[in-house]
$ cat my_file.pdb   # PDB, C-alpha atoms
ATOM      1  CA  MET A   1       5.157  12.268  -4.792
ATOM      2  CA  GLU A   2       2.420  10.971  -2.534
ATOM      3  CA  LYS A   3      -0.565   8.934  -3.646
ATOM      4  CA  VAL A   4      -3.382   7.385  -1.652
ATOM      5  CA  PHE A   5      -4.565   3.997  -2.894
ATOM      6  CA  LYS A   6      -8.022   2.634  -2.024
ATOM      7  CA  VAL A   7      -7.507  -0.877  -0.638
ATOM      8  CA  SER A   8     -10.214  -3.360   0.287
ATOM      9  CA  GLY A   9      -9.788  -6.413   2.478
ATOM     10  CA  MET A  10      -7.750  -4.893   5.317
ATOM     11  CA  MET A  11      -9.437  -5.657   8.645
ATOM     12  CA  CYS A  12      -6.881  -4.993  11.386
ATOM     13  CA  SER A  13      -3.422  -3.729  12.282
ATOM     14  CA  HIS A  14      -1.927  -7.043  11.115
ATOM     15  CA  CYS A  15      -3.347  -6.375   7.652
ATOM     16  CA  GLU A  16      -1.941  -2.834   7.709
ATOM     17  CA  LYS A  17       1.539  -4.111   8.601
ATOM     18  CA  ARG A  18       1.374  -6.723   5.855
ATOM     19  CA  VAL A  19       0.546  -4.076   3.215
ATOM     20  CA  GLU A  20       3.151  -1.662   4.586
ATOM     21  CA  LYS A  21       5.851  -4.340   4.516
ATOM     22  CA  ALA A  22       5.033  -5.353   0.934
ATOM     23  CA  VAL A  23       4.973  -1.795  -0.405
ATOM     24  CA  SER A  24       8.013  -0.564   1.520
ATOM     25  CA  ALA A  25      10.110  -3.306  -0.115
ATOM     26  CA  ILE A  26       9.787  -1.522  -3.475
ATOM     27  CA  ASP A  27      12.793   0.568  -4.511
ATOM     28  CA  GLY A  28      11.929   4.264  -4.525
ATOM     29  CA  VAL A  29       9.240   4.059  -1.830
ATOM     30  CA  SER A  30      10.161   6.262   1.142
ATOM     31  CA  ALA A  31       7.023   6.035   3.322
ATOM     32  CA  VAL A  32       3.900   3.869   3.599
ATOM     33  CA  LYS A  33       0.911   4.251   5.909
ATOM     34  CA  ALA A  34      -1.951   1.764   5.608
ATOM     35  CA  ASP A  35      -5.262   2.486   7.350
ATOM     36  CA  SER A  36      -7.685  -0.435   7.684
ATOM     37  CA  LYS A  37     -10.497   1.725   9.074
ATOM     38  CA  ASN A  38     -10.545   3.980   6.020
ATOM     39  CA  GLY A  39      -9.385   1.302   3.569
ATOM     40  CA  THR A  40      -6.489   3.387   2.314
ATOM     41  CA  CYS A  41      -2.761   3.143   1.820
ATOM     42  CA  ALA A  42      -0.787   6.398   1.516
ATOM     43  CA  VAL A  43       2.520   5.946  -0.281
ATOM     44  CA  THR A  44       5.324   8.482  -0.676
ATOM     45  CA  PHE A  45       7.629   7.546  -3.520
ATOM     46  CA  GLU A  46      10.082   8.699  -6.148
ATOM     47  CA  ASN A  47      11.230   6.634  -9.106
ATOM     48  CA  ALA A  48       8.706   3.913  -8.285
ATOM     49  CA  ASN A  49       5.965   2.708 -10.586
ATOM     50  CA  GLU A  50       2.331   2.869  -9.444
ATOM     51  CA  SER A  51       1.659  -0.484 -11.090
ATOM     52  CA  ASP A  52       4.431  -2.051  -8.966
ATOM     53  CA  ILE A  53       2.814  -0.620  -5.830
ATOM     54  CA  LYS A  54      -0.599  -1.971  -6.839
ATOM     55  CA  LYS A  55       0.935  -5.370  -7.596
ATOM     56  CA  ALA A  56       2.634  -5.498  -4.168
ATOM     57  CA  ILE A  57      -0.689  -4.781  -2.459
ATOM     58  CA  THR A  58      -2.465  -7.400  -4.566
ATOM     59  CA  ASP A  59       0.292  -9.961  -3.972
ATOM     60  CA  ALA A  60      -0.115  -9.362  -0.213
ATOM     61  CA  GLY A  61      -3.711 -10.542  -0.567
ATOM     62  CA  TYR A  62      -5.694  -7.304  -0.842
ATOM     63  CA  THR A  63      -7.590  -5.548  -3.624
ATOM     64  CA  VAL A  64      -6.684  -2.107  -5.002
ATOM     65  CA  GLU A  65      -9.830  -0.326  -6.162
TER      66      GLU A  65
END
$ encode --input "my_file.pdb" --output "structure tokens"
Amino acid sequence: MEKVFKVSGMMCSHCEKRVEKAVSAIDGVSAVKADSKNGTCAVTFENANESDIKKAITDAGYTVE
């Protein structure tokens, strides 16, 4: 399954990498692509919980809208 999360607070490629690293550490996540220009994070996952993904983004210092 793929879901695109709306993320605010990302400003640059460093922010994108930080979000991607946090989300990719979750078991069941197979791909992550953060885009600071559009304020999105596309996540491909199986057997992962959306609330865990949102928490990882929030814990990295960004807001999921």
$ closest_residue --input "my_file.pdb" --among "A:Cys15, A:Ala48, A:Ala22, A:Ile53" --to "Asp35 in chain A" --atoms "only C-alpha atoms"
A:Cys15
$ closest_residue --input "my_file.pdb" --among "A:Ser13, A:Ser8, A:Met1, A:Ala34" --to "Glu65 in chain A" --atoms "all atoms listed in the file"
A:Ser8
$ closest_residue --input "my_file.pdb" --among "A:Lys33, A:Lys55, A:Val4, A:Gly28" --to "Glu16 in chain A" --atoms "only C-alpha atoms"
A:Lys33
$ resolve_selection --input "my_file.pdb" --expression "the PyMOL selection byres ((chain A and resi 50) around 12)" --output "ChimeraX atom specification"
/A:1-5,23,26-29,42-49,51-57,64
$ write_last_selection --input "my_file.pdb" --atoms "C-alpha atoms" --output "mmCIF file, keeping the file's coordinate frame"
data_model
loop_
_atom_site.group_PDB
_atom_site.id
_atom_site.type_symbol
_atom_site.label_atom_id
_atom_site.label_comp_id
_atom_site.auth_asym_id
_atom_site.auth_seq_id
_atom_site.Cartn_x
_atom_site.Cartn_y
_atom_site.Cartn_z
ATOM 1 C CA MET A 1 5.157 12.268 -4.792
ATOM 2 C CA GLU A 2 2.420 10.971 -2.534
ATOM 3 C CA LYS A 3 -0.565 8.934 -3.646
ATOM 4 C CA VAL A 4 -3.382 7.385 -1.652
ATOM 5 C CA PHE A 5 -4.565 3.997 -2.894
ATOM 6 C CA VAL A 23 4.973 -1.795 -0.405
ATOM 7 C CA ILE A 26 9.787 -1.522 -3.475
ATOM 8 C CA ASP A 27 12.793 0.568 -4.511
ATOM 9 C CA GLY A 28 11.929 4.264 -4.525
ATOM 10 C CA VAL A 29 9.240 4.059 -1.830
ATOM 11 C CA ALA A 42 -0.787 6.398 1.516
ATOM 12 C CA VAL A 43 2.520 5.946 -0.281
ATOM 13 C CA THR A 44 5.324 8.482 -0.676
ATOM 14 C CA PHE A 45 7.629 7.546 -3.520
ATOM 15 C CA GLU A 46 10.082 8.699 -6.148
ATOM 16 C CA ASN A 47 11.230 6.634 -9.106
ATOM 17 C CA ALA A 48 8.706 3.913 -8.285
ATOM 18 C CA ASN A 49 5.965 2.708 -10.586
ATOM 19 C CA SER A 51 1.659 -0.484 -11.090
ATOM 20 C CA ASP A 52 4.431 -2.051 -8.966
ATOM 21 C CA ILE A 53 2.814 -0.620 -5.830
ATOM 22 C CA LYS A 54 -0.599 -1.971 -6.839
ATOM 23 C CA LYS A 55 0.935 -5.370 -7.596
ATOM 24 C CA ALA A 56 2.634 -5.498 -4.168
ATOM 25 C CA ILE A 57 -0.689 -4.781 -2.459
ATOM 26 C CA VAL A 64 -6.684 -2.107 -5.002
#
$ closest_residue --input "my_file.pdb" --among "A:Ser30, A:Glu20, A:Cys12, A:Gly39" --to "Thr63 in chain A" --atoms "all atoms listed in the file"
A:Gly39
$ atom_distance --input "my_file.pdb" --atom1 "CA of Asn38 in chain A" --atom2 "CA of Asp59 in chain A"
20.3 Å
$ atom_distance --input "my_file.pdb" --atom1 "CA of Thr40 in chain A" --atom2 "CA of Thr58 in chain A"
13.4 Å
$ atom_distance --input "my_file.pdb" --atom1 "CA of Cys41 in chain A" --atom2 "CA of Ala60 in chain A"
12.9 Å
$ build_atoms --input "my_file.pdb" --residues "range 25-47 of chain A" --atoms "N, CA and C atoms" --output "mmCIF file, keeping the file's coordinate frame"
data_model
loop_
_atom_site.group_PDB
_atom_site.id
_atom_site.type_symbol
_atom_site.label_atom_id
_atom_site.label_comp_id
_atom_site.auth_asym_id
_atom_site.auth_seq_id
_atom_site.Cartn_x
_atom_site.Cartn_y
_atom_site.Cartn_z
ATOM 1 N N ALA A 25 9.027 -2.537 0.502
ATOM 2 C CA ALA A 25 10.110 -3.306 -0.115
ATOM 3 C C ALA A 25 10.426 -2.844 -1.536
ATOM 4 N N ILE A 26 9.585 -1.998 -2.103
ATOM 5 C CA ILE A 26 9.787 -1.522 -3.475
ATOM 6 C C ILE A 26 10.816 -0.399 -3.473
ATOM 7 N N ASP A 27 11.797 -0.491 -4.369
ATOM 8 C CA ASP A 27 12.793 0.568 -4.511
ATOM 9 C C ASP A 27 12.102 1.876 -4.891
ATOM 10 N N GLY A 28 12.489 2.954 -4.226
ATOM 11 C CA GLY A 28 11.929 4.264 -4.525
ATOM 12 C C GLY A 28 10.801 4.680 -3.598
ATOM 13 N N VAL A 29 10.297 3.743 -2.788
ATOM 14 C CA VAL A 29 9.240 4.059 -1.830
ATOM 15 C C VAL A 29 9.906 4.520 -0.539
ATOM 16 N N SER A 30 9.527 5.727 -0.064
ATOM 17 C CA SER A 30 10.161 6.262 1.142
ATOM 18 C C SER A 30 9.265 6.192 2.375
ATOM 19 N N ALA A 31 7.934 6.118 2.171
ATOM 20 C CA ALA A 31 7.023 6.035 3.322
ATOM 21 C C ALA A 31 5.727 5.352 2.904
ATOM 22 N N VAL A 32 5.170 4.570 3.841
ATOM 23 C CA VAL A 32 3.900 3.869 3.599
ATOM 24 C C VAL A 32 3.086 3.917 4.881
ATOM 25 N N LYS A 33 1.810 4.269 4.750
ATOM 26 C CA LYS A 33 0.911 4.251 5.909
ATOM 27 C C LYS A 33 -0.420 3.656 5.471
ATOM 28 N N ALA A 34 -0.684 2.431 5.917
ATOM 29 C CA ALA A 34 -1.951 1.764 5.608
ATOM 30 C C ALA A 34 -2.940 2.047 6.740
ATOM 31 N N ASP A 35 -4.207 2.201 6.377
ATOM 32 C CA ASP A 35 -5.262 2.486 7.350
ATOM 33 C C ASP A 35 -6.441 1.561 7.070
ATOM 34 N N SER A 36 -6.622 0.545 7.917
ATOM 35 C CA SER A 36 -7.685 -0.435 7.684
ATOM 36 C C SER A 36 -9.069 0.156 7.917
ATOM 37 N N LYS A 37 -9.187 1.120 8.800
ATOM 38 C CA LYS A 37 -10.497 1.725 9.074
ATOM 39 C C LYS A 37 -11.026 2.490 7.876
ATOM 40 N N ASN A 38 -10.136 3.206 7.196
ATOM 41 C CA ASN A 38 -10.545 3.980 6.020
ATOM 42 C C ASN A 38 -10.341 3.220 4.714
ATOM 43 N N GLY A 39 -9.646 2.085 4.775
ATOM 44 C CA GLY A 39 -9.385 1.302 3.569
ATOM 45 C C GLY A 39 -8.454 2.007 2.603
ATOM 46 N N THR A 40 -7.422 2.652 3.159
ATOM 47 C CA THR A 40 -6.489 3.387 2.314
ATOM 48 C C THR A 40 -5.049 3.007 2.609
ATOM 49 N N CYS A 41 -4.199 3.327 1.650
ATOM 50 C CA CYS A 41 -2.761 3.143 1.820
ATOM 51 C C CYS A 41 -2.085 4.354 1.171
ATOM 52 N N ALA A 42 -1.499 5.223 2.001
ATOM 53 C CA ALA A 42 -0.787 6.398 1.516
ATOM 54 C C ALA A 42 0.673 6.027 1.288
ATOM 55 N N VAL A 43 1.155 6.321 0.087
ATOM 56 C CA VAL A 43 2.520 5.946 -0.281
ATOM 57 C C VAL A 43 3.271 7.179 -0.777
ATOM 58 N N THR A 44 4.437 7.425 -0.200
ATOM 59 C CA THR A 44 5.324 8.482 -0.676
ATOM 60 C C THR A 44 6.448 7.797 -1.441
ATOM 61 N N PHE A 45 6.631 8.226 -2.692
ATOM 62 C CA PHE A 45 7.629 7.546 -3.520
ATOM 63 C C PHE A 45 8.224 8.463 -4.575
ATOM 64 N N GLU A 46 9.412 8.095 -5.008
ATOM 65 C CA GLU A 46 10.082 8.699 -6.148
ATOM 66 C C GLU A 46 10.688 7.557 -6.942
ATOM 67 N N ASN A 47 10.648 7.659 -8.230
ATOM 68 C CA ASN A 47 11.230 6.634 -9.106
ATOM 69 C C ASN A 47 10.646 5.248 -8.862
#
